[in-house]
file final14.cif (mmCIF, C-alpha atoms)
data_run
#
loop_
_atom_site.label_atom_id
_atom_site.label_comp_id
_atom_site.auth_asym_id
_atom_site.auth_seq_id
_atom_site.Cartn_x
_atom_site.Cartn_y
_atom_site.Cartn_z
CA MET D 1 115.19 90.84 124.43
CA MET D 2 113.50 94.14 123.65
CA ARG D 3 112.41 94.11 120.00
CA ALA D 4 112.10 97.72 118.96
CA LEU D 5 109.20 99.33 117.25
CA VAL D 6 110.37 101.16 114.15
CA CYS D 7 109.97 104.37 116.00
CA LEU D 8 111.84 103.25 119.09
CA ALA D 9 115.38 101.98 119.07
CA ILE D 10 115.72 102.06 122.83
CA ALA D 11 113.43 101.67 125.81
CA LEU D 12 111.25 104.73 126.38
CA LEU D 13 111.52 106.74 129.55
CA SER D 14 108.34 107.75 131.31
CA THR D 15 107.08 111.33 131.44
CA THR D 16 103.88 113.30 131.61
CA SER D 17 105.45 116.70 130.95
CA THR D 18 103.96 119.36 128.72
CA ALA D 19 106.16 121.23 126.23
CA ALA D 20 106.43 124.97 126.66
CA PHE D 21 104.68 127.51 124.48
CA ALA D 22 106.53 130.80 124.09
CA PRO D 23 104.98 133.09 121.47
CA ASP D 24 107.30 135.64 119.89
CA ARG D 25 104.59 138.17 119.15
CA ASP D 26 100.84 138.57 119.53
CA THR D 27 99.72 138.60 115.89
CA GLY D 28 99.96 136.36 112.85
CA PRO D 29 99.73 132.60 112.39
CA ALA D 30 100.93 130.86 115.52
CA LEU D 31 100.97 127.72 117.60
CA ARG D 32 99.41 128.02 121.02
CA ALA D 33 99.31 125.49 123.81
CA ILE D 34 95.94 124.08 124.86
CA THR D 35 94.86 121.63 127.54
CA SER D 36 97.19 118.64 127.48
CA MET D 37 96.13 115.08 126.76
CA PRO D 38 95.27 113.02 129.87
CA GLY D 39 98.41 110.95 129.31
CA ALA D 40 101.61 111.06 127.30
CA ARG D 41 101.80 109.24 123.96
CA ALA D 42 103.96 108.98 120.84
CA ALA D 43 103.74 106.93 117.63
CA HIS D 44 99.95 107.20 117.94
CA SER D 45 97.37 108.17 115.32
CA ALA D 46 95.09 111.21 115.26
CA THR D 47 92.25 111.10 112.73
CA ARG D 48 89.54 113.68 112.07
CA LEU D 49 86.03 112.26 112.16
CA GLY D 50 83.05 113.34 110.11
CA ASP D 51 81.63 115.46 112.93
CA GLY D 52 84.91 117.39 113.31
CA ARG D 53 86.20 115.63 116.41
CA VAL D 54 89.60 113.89 116.36
CA LEU D 55 90.14 110.26 117.32
CA VAL D 56 93.48 109.74 119.10
CA ALA D 57 94.41 106.07 119.31
CA GLY D 58 97.30 103.81 120.20
CA GLY D 59 100.91 104.80 120.67
CA CYS D 60 103.51 104.37 123.38
CA ARG D 61 102.87 105.99 126.73
CA SER D 62 105.78 105.11 129.07
CA ASP D 63 108.16 102.47 130.40
CA GLY D 64 109.12 101.10 127.00
CA CYS D 65 106.76 100.11 124.22
CA GLU D 66 106.49 96.46 125.24
CA GLU D 67 105.09 97.41 128.65
CA GLY D 68 103.84 100.90 127.90
CA LEU D 69 101.40 100.78 124.98
CA SER D 70 98.41 103.08 125.32
CA THR D 71 95.35 100.98 126.06
CA ASP D 72 92.76 103.73 125.67
CA ALA D 73 91.55 106.10 122.95
CA LEU D 74 90.59 109.76 123.15
CA LEU D 75 88.26 112.14 121.36
CA PHE D 76 89.30 115.79 120.98
CA ASP D 77 86.48 118.28 120.58
CA PRO D 78 87.62 121.42 118.71
CA ALA D 79 84.60 123.35 120.01
CA THR D 80 85.64 122.99 123.63
CA GLY D 81 89.36 122.24 123.26
CA THR D 82 89.06 119.26 125.57
CA PHE D 83 89.76 115.51 125.48
CA THR D 84 87.40 112.74 126.57
CA THR D 85 87.90 108.98 126.59
CA THR D 86 86.07 106.69 124.21
CA GLY D 87 85.99 102.92 123.68
CA ALA D 88 89.34 101.14 124.04
CA PRO D 89 91.02 99.42 121.06
CA LYS D 90 90.80 95.63 121.10
CA LEU D 91 94.57 95.39 120.61
CA PRO D 92 96.92 98.04 122.06
CA ARG D 93 99.37 99.01 119.30
CA ALA D 94 101.81 101.69 118.17
CA GLY D 95 103.29 102.65 114.82
CA HIS D 96 100.10 101.55 113.08
CA ARG D 97 98.37 103.29 110.18
CA ALA D 98 94.96 104.92 110.66
CA VAL D 99 92.66 105.25 107.64
CA PRO D 100 89.28 107.04 107.70
CA LEU D 101 86.54 105.41 105.62
CA LYS D 102 83.69 107.05 103.71
CA ASP D 103 81.15 105.71 106.20
CA GLY D 104 82.78 107.79 108.96
CA SER D 105 84.58 104.93 110.70
CA VAL D 106 88.37 104.67 111.12
CA LEU D 107 90.60 101.65 110.56
CA LEU D 108 93.68 100.90 112.69
CA ILE D 109 95.98 98.73 110.58
CA GLY D 110 98.99 96.64 111.63
CA GLY D 111 101.74 98.08 113.80
CA TRP D 112 103.61 96.93 116.89
CA THR D 113 102.06 95.14 119.87
CA GLN D 114 103.42 93.56 123.03
CA ASP D 115 103.68 90.32 121.04
CA GLY D 116 105.54 91.89 118.12
CA VAL D 117 104.30 92.99 114.70
CA THR D 118 100.64 92.37 113.91
CA ALA D 119 98.42 91.81 110.87
CA SER D 120 95.30 92.78 112.84
CA ILE D 121 92.87 95.43 111.61
CA GLU D 122 90.16 96.96 113.74
CA ARG D 123 87.55 99.62 113.09
CA TYR D 124 86.38 102.48 115.30
CA ARG D 125 82.64 103.17 115.08
CA PRO D 126 81.92 106.82 116.02
CA ASP D 127 78.18 106.12 116.14
CA ARG D 128 78.71 103.61 118.95
CA GLY D 129 82.05 104.75 120.36
CA VAL D 130 83.56 101.27 120.09
CA PHE D 131 86.31 99.38 118.29
CA GLU D 132 85.56 96.08 116.53
CA PRO D 133 87.66 93.50 114.63
CA PHE D 134 87.76 94.20 110.90
CA GLY D 135 89.82 91.52 109.19
CA SER D 136 93.57 91.29 108.85
CA LEU D 137 96.49 91.82 106.51
CA ARG D 138 98.08 88.88 104.73
CA THR D 139 101.41 89.75 106.38
CA ALA D 140 102.06 91.13 109.86
CA ARG D 141 104.03 94.35 109.49
CA ASP D 142 105.11 97.64 111.03
CA GLY D 143 106.97 100.57 109.47
CA PHE D 144 104.83 100.19 106.34
CA SER D 145 102.78 102.64 104.28
CA ALA D 146 99.01 102.65 103.78
CA THR D 147 97.68 104.64 100.82
CA VAL D 148 94.01 104.97 99.89
CA LEU D 149 93.57 104.41 96.16
CA ALA D 150 90.92 105.92 93.89
CA ASP D 151 88.62 102.89 94.18
CA GLY D 152 88.67 102.96 97.99
CA THR D 153 91.04 100.02 98.43
CA ILE D 154 94.17 100.57 100.53
CA LEU D 155 97.68 99.86 99.25
CA ILE D 156 99.80 98.37 102.05
CA ALA D 157 103.50 98.37 101.10
CA GLY D 158 106.76 97.30 102.71
CA GLY D 159 107.59 97.69 106.39
CA TYR D 160 109.20 95.03 108.53
CA GLY D 161 108.10 91.66 109.87
CA GLU D 162 109.45 89.48 112.66
CA GLY D 163 113.11 90.02 113.45
CA MET D 164 113.05 93.46 111.77
CA ARG D 165 113.16 91.74 108.36
CA ARG D 166 112.46 94.36 105.70
CA LEU D 167 109.55 93.51 103.40
CA ALA D 168 109.20 94.05 99.66
CA SER D 169 105.70 92.59 99.62
CA ALA D 170 102.58 94.66 99.07
CA GLU D 171 98.88 93.97 99.37
CA ARG D 172 95.58 95.67 98.65
CA PHE D 173 92.99 95.71 101.44
CA ASP D 174 89.34 96.20 100.49
CA PRO D 175 87.24 97.65 103.36
CA ARG D 176 84.05 96.52 101.60
CA THR D 177 84.96 92.85 101.83
CA LYS D 178 87.44 92.97 104.75
CA ALA D 179 89.80 90.98 102.53
CA SER D 180 93.37 91.67 101.43
CA ARG D 181 95.04 90.30 98.31
CA SER D 182 98.69 90.32 97.32
CA VAL D 183 99.92 92.55 94.51
CA GLY D 184 103.30 92.71 92.81
CA ALA D 185 106.19 93.22 95.20
CA MET D 186 108.53 96.21 95.21
CA ALA D 187 111.99 95.79 93.73
CA THR D 188 113.52 97.03 97.00
CA PRO D 189 112.44 95.78 100.46
CA ARG D 190 111.98 98.90 102.56
CA MET D 191 110.60 100.33 105.78
CA SER D 192 110.22 103.92 107.08
CA HIS D 193 109.59 105.11 103.52
CA THR D 194 106.87 107.38 102.15
CA ALA D 195 104.05 106.50 99.74
CA THR D 196 102.18 109.35 98.04
CA ARG D 197 99.14 109.03 95.82
CA LEU D 198 99.61 111.11 92.69
CA ALA D 199 97.02 113.11 90.75
CA ASP D 200 96.77 110.31 88.19
CA GLY D 201 96.06 107.67 90.85
CA ARG D 202 99.48 106.02 90.90
CA VAL D 203 101.55 105.90 94.10
CA LEU D 204 105.14 107.13 94.46
CA VAL D 205 107.18 105.12 97.00
CA ALA D 206 110.37 106.87 98.13
CA GLY D 207 113.39 106.07 100.27
CA GLY D 208 113.39 104.04 103.47
CA SER D 209 115.87 101.50 104.79
CA ASP D 210 116.42 98.29 102.81
CA ALA D 211 117.11 94.62 103.52
CA ARG D 212 120.74 95.35 104.41
CA GLY D 213 119.68 97.98 106.92
CA THR D 214 121.08 100.79 104.79
CA VAL D 215 119.15 103.86 103.67
CA THR D 216 118.03 103.80 100.04
CA ALA D 217 117.50 106.56 97.49
CA SER D 218 115.40 104.45 95.15
CA LEU D 219 111.95 105.44 93.91
CA GLU D 220 109.18 103.17 92.67
CA LEU D 221 105.72 103.76 91.19
CA PHE D 222 102.72 101.55 91.87
CA ASP D 223 100.14 101.40 89.09
CA PRO D 224 96.73 100.31 90.48
CA ALA D 225 95.52 99.28 87.01
CA LYS D 226 98.44 96.89 86.52
CA GLY D 227 98.86 95.92 90.16
CA ARG D 228 102.62 96.23 90.13
CA PHE D 229 105.56 98.53 90.86
CA SER D 230 108.07 99.94 88.37
CA PRO D 231 111.29 101.99 88.79
CA ALA D 232 110.77 105.75 89.10
CA GLY D 233 114.28 107.17 89.40
CA THR D 234 116.55 107.95 92.32
CA LEU D 235 116.63 110.64 94.97
CA LYS D 236 119.67 112.90 95.14
CA LYS D 237 120.10 111.84 98.76
CA ALA D 238 119.21 108.53 100.39
CA ARG D 239 116.81 109.19 103.26
CA HIS D 240 114.46 107.40 105.63
CA LYS D 241 112.02 108.52 108.34
CA HIS D 242 111.32 111.52 106.13
CA ALA D 243 108.04 113.11 105.00
CA ALA D 244 106.36 113.72 101.66
CA ILE D 245 104.06 116.47 100.42
CA ARG D 246 102.16 116.32 97.14
CA LEU D 247 102.45 119.50 95.09
CA GLY D 248 100.06 119.27 92.14
CA PRO D 249 101.42 116.45 89.97
CA ASP D 250 104.77 116.42 91.83
CA VAL D 251 105.99 115.24 95.24
CA LEU D 252 108.32 117.06 97.65
CA LEU D 253 110.44 114.71 99.79
CA LEU D 254 111.77 116.48 102.86
CA GLY D 255 113.96 115.83 105.87
CA GLY D 256 114.78 112.38 107.19
CA ALA D 257 118.11 110.92 108.19
CA ALA D 258 120.85 108.51 107.23
CA ILE D 259 122.17 105.63 109.34
CA PRO D 260 123.44 106.13 111.98
CA GLU D 261 120.76 108.69 112.74
CA THR D 262 123.01 110.42 115.28
CA ASP D 263 124.98 111.88 112.36
CA GLY D 264 122.30 114.51 111.93
CA HIS D 265 118.82 115.07 110.58
CA PHE D 266 118.25 116.55 107.13
CA SER D 267 116.82 120.01 106.57
CA ASP D 268 116.88 119.84 102.77
CA SER D 269 114.18 118.73 100.35
CA GLU D 270 113.95 117.52 96.78
CA ARG D 271 111.12 117.60 94.29
CA TRP D 272 110.18 114.62 92.14
CA LYS D 273 108.63 115.82 88.89
CA ALA D 274 105.92 113.61 87.47
CA SER D 275 106.30 115.01 83.95
CA SER D 276 109.91 113.85 83.61
CA GLY D 277 110.48 111.41 86.47
CA THR D 278 113.47 113.50 87.52
CA VAL D 279 114.43 115.00 90.88
CA SER D 280 115.55 118.58 91.54
CA PRO D 281 116.53 120.43 94.75
CA GLY D 282 113.71 121.91 96.80
CA PRO D 283 113.65 124.56 99.54
CA GLU D 284 115.53 124.22 102.81
CA MET D 285 113.70 123.86 106.12
CA ARG D 286 114.75 126.02 109.05
CA GLU D 287 115.96 122.98 110.98
CA GLY D 288 116.66 119.28 110.44
CA ARG D 289 113.72 116.94 111.03
CA TYR D 290 113.04 113.20 111.01
CA LYS D 291 110.35 110.86 112.35
CA PHE D 292 107.76 113.47 111.38
CA LEU D 293 105.69 111.70 108.73
CA ASP D 294 102.43 112.16 110.68
CA SER D 295 103.05 115.73 111.82
CA VAL D 296 102.73 117.33 108.39
CA ALA D 297 99.24 118.68 107.62
CA PRO D 298 97.65 120.51 104.66
CA LEU D 299 96.15 123.97 105.20
CA ALA D 300 92.99 125.25 103.55
CA ASP D 301 94.88 127.80 101.42
CA GLY D 302 97.15 125.20 99.79
CA ARG D 303 100.10 125.63 102.13
CA THR D 304 101.36 122.84 104.41
CA LEU D 305 102.19 122.95 108.11
CA VAL D 306 105.33 121.06 109.14
CA ALA D 307 105.19 120.69 112.91
CA GLY D 308 107.08 117.62 114.10
CA SER D 309 110.68 117.03 115.18
CA GLY D 310 111.45 120.71 115.53
CA ALA D 311 111.47 123.28 118.32
CA ARG D 312 109.15 125.37 116.20
CA ALA D 313 106.84 124.70 113.29
CA GLU D 314 107.11 126.10 109.77
CA VAL D 315 104.86 126.40 106.74
CA LEU D 316 105.59 125.36 103.16
CA SER D 317 104.25 127.81 100.59
CA ALA D 318 101.52 126.57 98.24
CA ASP D 319 103.92 126.51 95.29
CA GLY D 320 106.52 124.57 97.28
CA SER D 321 109.19 127.23 96.86
CA ARG D 322 109.93 128.17 100.49
CA PHE D 323 109.42 127.44 104.18
CA ASP D 324 108.25 130.26 106.45
CA PRO D 325 108.58 130.23 110.27
CA VAL D 326 105.54 129.97 112.53
CA ASN D 327 105.13 132.21 115.53
CA GLY D 328 105.30 130.34 118.83
CA ARG D 329 107.60 127.55 119.91
CA ILE D 330 106.77 123.98 120.82
CA GLY D 331 109.98 124.01 122.85
CA ARG D 332 111.07 120.39 122.37
CA LYS D 333 111.90 118.55 119.18
CA LEU D 334 109.09 116.01 119.37
CA ALA D 335 109.43 113.01 117.07
CA PHE D 336 106.45 110.79 116.21
CA ALA D 337 103.99 113.57 117.01
CA THR D 338 100.80 114.04 114.97
CA ALA D 339 99.30 117.04 113.16
CA THR D 340 95.64 116.86 112.16
CA ALA D 341 93.83 119.43 110.02
CA LEU D 342 90.56 120.48 111.67
CA ALA D 343 87.36 121.39 109.84
CA ASP D 344 87.68 125.08 110.74
CA GLY D 345 91.16 125.41 109.16
CA ARG D 346 93.18 125.03 112.33
CA VAL D 347 95.62 122.18 112.95
CA LEU D 348 95.87 120.06 116.11
CA VAL D 349 99.41 118.96 117.11
CA LEU D 350 99.78 116.21 119.70
CA GLY D 351 102.42 114.37 121.71
CA GLY D 352 105.63 112.77 120.50
CA TYR D 353 108.91 112.18 122.26
CA ASP D 354 111.98 114.38 122.68
CA PRO D 355 115.66 113.52 121.92
CA THR D 356 116.01 111.86 125.34
CA ILE D 357 113.01 109.63 124.46
CA ARG D 358 110.75 111.30 127.01
CA ILE D 359 107.15 110.97 125.87
CA ASP D 360 105.07 114.16 125.93
CA ARG D 361 101.37 114.75 126.53
CA GLY D 362 101.35 118.28 125.15
CA ALA D 363 98.73 119.63 122.74
CA TRP D 364 98.88 122.69 120.52
CA VAL D 365 96.68 124.37 117.95
CA PHE D 366 97.97 126.20 114.87
CA GLU D 367 95.72 129.05 113.80
#
call {"tool": "encode", "arguments": {"input": "final14.cif", "output": "structure tokens"}}
result
Amino acid sequence: MMRALVCLAIALLSTTSTAAFAPDRDTGPALRAITSMPGARAAHSATRLGDGRVLVAGGCRSDGCEEGLSTDALLFDPATGTFTTTGAPKLPRAGHRAVPLKDGSVLLIGGWTQDGVTASIERYRPDRGVFEPFGSLRTARDGFSATVLADGTILIAGGYGEGMRRLASAERFDPRTKASRSVGAMATPRMSHTATRLADGRVLVAGGSDARGTVTASLELFDPAKGRFSPAGTLKKARHKHAAIRLGPDVLLLGGAAIPETDGHFSDSERWKASSGTVSPGPEMREGRYKFLDSVAPLADGRTLVAGSGARAEVLSADGSRFDPVNGRIGRKLAFATATALADGRVLVLGGYDPTIRIDRGAWVFE
């Protein structure tokens, strides 16, 4: 029986189509289409390397995630706007977390494989263009969060294990030793949540779906010094598969959906205030979005590009008070796309799948 990746509730249909780019005018910030990826992919990762190139790894490509995991990896060169292949991952996976390290390498952590959820970690070496094994998590998981803490360790929280069992457990992976140790568990088992590192080093965990398969509004804070979670209030609206943007000491939680997800995707947002631990309404997006956690990218001027799960992108103002439209349309509402900030201030947007679960190979640049 098909066991779904968090991102995929049904078998994926094959496609190699490219989404249309239809600019509304010739001036101003805009998305423009560039040369497409060699193949379609969604639920992949796209990580900027130290030399400015972008590593694109993993994801689903076609024919359903069990048979259609991407087996290759790509490098995007912003100078030429082209993709080239690089060393293949040891373990094809989707829905994983990618974490860049200070030495310039990139970790691929956990996710979904043809054999189910995995605890495997591997590292990409840009100097050699290869992937190599790099330890493992204590618990195999997908749909989890991975947050780099101030000391360089990585907080791995929640997700789901075998049989889609939601996890409350958390662990702290140390890239220096390739070892992971358990930390205090969350009060609420959850997957498809967000985890945002705050200015003071703590991590705010928000929303997700819980052990009963219902969407939760609960918030928890992880304190690295104490190694445990504590309650942090409640969202005004329960949401999962949403996104989070840090605004100074605060966090804006935006979009997402309830269950069943066919009831509609949220366009609203709410702001968690660190000073009081309370939540207040935030600005409204131009359209509802979900499954867009990895297609939100910071801009050099303090604003944030929100590109995924919408026919067009929009930009959140630096103070978090409003969303402004972006010139140029992606055309399809692509879920599980990625948006990666480039060194020159542009943003690379890649792939995803549309509401009919057709996987896209399109590529766009915001500038």
call {"tool": "atom_distance", "arguments": {"input": "final14.cif", "atom1": "atom CA of D:Arg202", "atom2": "atom CA of D:Thr278"}}
result
16.2 Å
call {"tool": "atom_distance", "arguments": {"input": "final14.cif", "atom1": "atom CA of D:Arg289", "atom2": "atom CA of D:Val215"}}
result
16.0 Å
call {"tool": "residues_around", "arguments": {"input": "final14.cif", "residues": "stretch 347-353 of chain D", "least_positions_apart": "6", "cutoff": "7 Å", "atoms": "only C-alpha atoms", "output": "PyMOL selection string"}}
result
chain D and resi 40-43+334-341+359-367
call {"tool": "resolve_selection", "arguments": {"input": "final14.cif", "expression": "the PyMOL selection byres ((chain D and resi 314-316) around 7)", "output": "count of residues only"}}
result
15
call {"tool": "closest_residue", "arguments": {"input": "final14.cif", "among": "D:His44, D:Arg332, D:Arg197, D:Arg166", "to": "D:Asp223", "atoms": "all atoms listed in the file"}}
result
D:Arg197
call {"tool": "resolve_selection", "arguments": {"input": "final14.cif", "expression": "the PyMOL selection byres ((chain D and resi 205) around 6)", "output": "PDB file with C-alpha atoms, in the coordinates of the input"}}
result
ATOM      1  CA  THR D 194     106.870 107.380 102.150  1.00  0.00           C
ATOM      2  CA  ALA D 195     104.050 106.500  99.740  1.00  0.00           C
ATOM      3  CA  LEU D 204     105.140 107.130  94.460  1.00  0.00           C
ATOM      4  CA  ALA D 206     110.370 106.870  98.130  1.00  0.00           C
ATOM      5  CA  LEU D 219     111.950 105.440  93.910  1.00  0.00           C
ATOM      6  CA  GLU D 220     109.180 103.170  92.670  1.00  0.00           C
TER       7      GLU D 220
END
call {"tool": "resolve_selection", "arguments": {"input": "final14.cif", "expression": "the PyMOL selection byres ((chain D and resi 116-132) around 10)", "output": "number ranges by chain"}}
result
D: 2-5, 49-51, 53, 55, 57, 66, 73, 75, 85-91, 93-101, 103-115, 133-143, 160-164, 175, 178
call {"tool": "atom_distance", "arguments": {"input": "final14.cif", "atom1": "atom CA of D:His242", "atom2": "atom CA of D:Gly255"}}
result
5.1 Å
call {"tool": "residues_around", "arguments": {"input": "final14.cif", "residues": "D:Ser269", "least_positions_apart": "2", "cutoff": "7 Å", "atoms": "all atoms listed in the file", "output": "ChimeraX atom specification"}}
result
/D:252-255,267,271,281-284
call {"tool": "decode", "arguments": {"input": "final14.cif", "residues": "stretch 302-327 of chain D", "atoms": "N, CA and C atoms", "output": "PDB file, in the first residue's frame"}}
result
ATOM      1  N   GLY D 302      15.481  43.564   4.044  1.00  0.00           N
ATOM      2  CA  GLY D 302      14.662  43.259   5.211  1.00  0.00           C
ATOM      3  C   GLY D 302      13.272  42.761   4.882  1.00  0.00           C
ATOM      4  N   ARG D 303      12.848  42.869   3.635  1.00  0.00           N
ATOM      5  CA  ARG D 303      11.563  42.319   3.230  1.00  0.00           C
ATOM      6  C   ARG D 303      11.686  40.808   3.012  1.00  0.00           C
ATOM      7  N   THR D 304      10.565  40.153   2.741  1.00  0.00           N
ATOM      8  CA  THR D 304      10.562  38.706   2.542  1.00  0.00           C
ATOM      9  C   THR D 304       9.723  38.353   1.327  1.00  0.00           C
ATOM     10  N   LEU D 305      10.288  37.554   0.432  1.00  0.00           N
ATOM     11  CA  LEU D 305       9.546  37.077  -0.735  1.00  0.00           C
ATOM     12  C   LEU D 305       8.764  35.824  -0.369  1.00  0.00           C
ATOM     13  N   VAL D 306       7.475  35.814  -0.688  1.00  0.00           N
ATOM     14  CA  VAL D 306       6.623  34.641  -0.508  1.00  0.00           C
ATOM     15  C   VAL D 306       6.225  34.177  -1.903  1.00  0.00           C
ATOM     16  N   ALA D 307       6.757  33.026  -2.330  1.00  0.00           N
ATOM     17  CA  ALA D 307       6.625  32.646  -3.732  1.00  0.00           C
ATOM     18  C   ALA D 307       5.797  31.396  -3.969  1.00  0.00           C
ATOM     19  N   GLY D 308       5.704  30.495  -3.005  1.00  0.00           N
ATOM     20  CA  GLY D 308       5.089  29.208  -3.267  1.00  0.00           C
ATOM     21  C   GLY D 308       3.590  29.166  -3.112  1.00  0.00           C
ATOM     22  N   SER D 309       2.972  28.173  -3.745  1.00  0.00           N
ATOM     23  CA  SER D 309       1.549  27.864  -3.607  1.00  0.00           C
ATOM     24  C   SER D 309       0.635  28.994  -4.043  1.00  0.00           C
ATOM     25  N   GLY D 310       1.120  29.835  -4.934  1.00  0.00           N
ATOM     26  CA  GLY D 310       0.295  30.921  -5.448  1.00  0.00           C
ATOM     27  C   GLY D 310       0.585  31.149  -6.914  1.00  0.00           C
ATOM     28  N   ALA D 311      -0.397  31.680  -7.642  1.00  0.00           N
ATOM     29  CA  ALA D 311      -0.201  31.961  -9.061  1.00  0.00           C
ATOM     30  C   ALA D 311       0.788  33.095  -9.275  1.00  0.00           C
ATOM     31  N   ARG D 312       0.938  33.930  -8.250  1.00  0.00           N
ATOM     32  CA  ARG D 312       1.937  34.984  -8.315  1.00  0.00           C
ATOM     33  C   ARG D 312       2.575  35.138  -6.942  1.00  0.00           C
ATOM     34  N   ALA D 313       3.741  35.694  -6.907  1.00  0.00           N
ATOM     35  CA  ALA D 313       4.451  35.902  -5.653  1.00  0.00           C
ATOM     36  C   ALA D 313       4.045  37.234  -5.035  1.00  0.00           C
ATOM     37  N   GLU D 314       4.392  37.417  -3.768  1.00  0.00           N
ATOM     38  CA  GLU D 314       4.182  38.686  -3.089  1.00  0.00           C
ATOM     39  C   GLU D 314       5.307  38.911  -2.095  1.00  0.00           C
ATOM     40  N   VAL D 315       5.426  40.143  -1.627  1.00  0.00           N
ATOM     41  CA  VAL D 315       6.524  40.513  -0.741  1.00  0.00           C
ATOM     42  C   VAL D 315       5.975  41.095   0.549  1.00  0.00           C
ATOM     43  N   LEU D 316       6.465  40.573   1.675  1.00  0.00           N
ATOM     44  CA  LEU D 316       6.109  41.107   2.985  1.00  0.00           C
ATOM     45  C   LEU D 316       7.029  42.268   3.314  1.00  0.00           C
ATOM     46  N   SER D 317       6.453  43.390   3.728  1.00  0.00           N
ATOM     47  CA  SER D 317       7.253  44.563   4.079  1.00  0.00           C
ATOM     48  C   SER D 317       8.154  44.250   5.258  1.00  0.00           C
ATOM     49  N   ALA D 318       9.230  45.025   5.401  1.00  0.00           N
ATOM     50  CA  ALA D 318      10.227  44.760   6.445  1.00  0.00           C
ATOM     51  C   ALA D 318       9.636  44.838   7.848  1.00  0.00           C
ATOM     52  N   ASP D 319       8.619  45.681   8.028  1.00  0.00           N
ATOM     53  CA  ASP D 319       8.007  45.793   9.354  1.00  0.00           C
ATOM     54  C   ASP D 319       6.878  44.782   9.576  1.00  0.00           C
ATOM     55  N   GLY D 320       6.614  43.965   8.559  1.00  0.00           N
ATOM     56  CA  GLY D 320       5.587  42.936   8.687  1.00  0.00           C
ATOM     57  C   GLY D 320       4.167  43.446   8.663  1.00  0.00           C
ATOM     58  N   SER D 321       3.943  44.642   8.120  1.00  0.00           N
ATOM     59  CA  SER D 321       2.614  45.244   8.169  1.00  0.00           C
ATOM     60  C   SER D 321       1.755  44.974   6.941  1.00  0.00           C
ATOM     61  N   ARG D 322       2.379  44.562   5.799  1.00  0.00           N
ATOM     62  CA  ARG D 322       1.580  44.395   4.590  1.00  0.00           C
ATOM     63  C   ARG D 322       2.282  43.480   3.590  1.00  0.00           C
ATOM     64  N   PHE D 323       1.492  42.918   2.688  1.00  0.00           N
ATOM     65  CA  PHE D 323       2.000  42.148   1.559  1.00  0.00           C
ATOM     66  C   PHE D 323       1.768  42.948   0.287  1.00  0.00           C
ATOM     67  N   ASP D 324       2.787  43.055  -0.554  1.00  0.00           N
ATOM     68  CA  ASP D 324       2.683  43.759  -1.821  1.00  0.00           C
ATOM     69  C   ASP D 324       2.838  42.768  -2.972  1.00  0.00           C
ATOM     70  N   PRO D 325       2.077  42.937  -4.065  1.00  0.00           N
ATOM     71  CA  PRO D 325       2.170  42.002  -5.192  1.00  0.00           C
ATOM     72  C   PRO D 325       3.490  42.144  -5.927  1.00  0.00           C
ATOM     73  N   VAL D 326       3.887  41.076  -6.584  1.00  0.00           N
ATOM     74  CA  VAL D 326       5.098  41.053  -7.404  1.00  0.00           C
ATOM     75  C   VAL D 326       4.695  40.986  -8.867  1.00  0.00           C
ATOM     76  N   ASN D 327       5.339  41.762  -9.690  1.00  0.00           N
ATOM     77  CA  ASN D 327       5.070  41.751 -11.113  1.00  0.00           C
ATOM     78  C   ASN D 327       5.503  40.414 -11.724  1.00  0.00           C
TER      79      ASN D 327
END
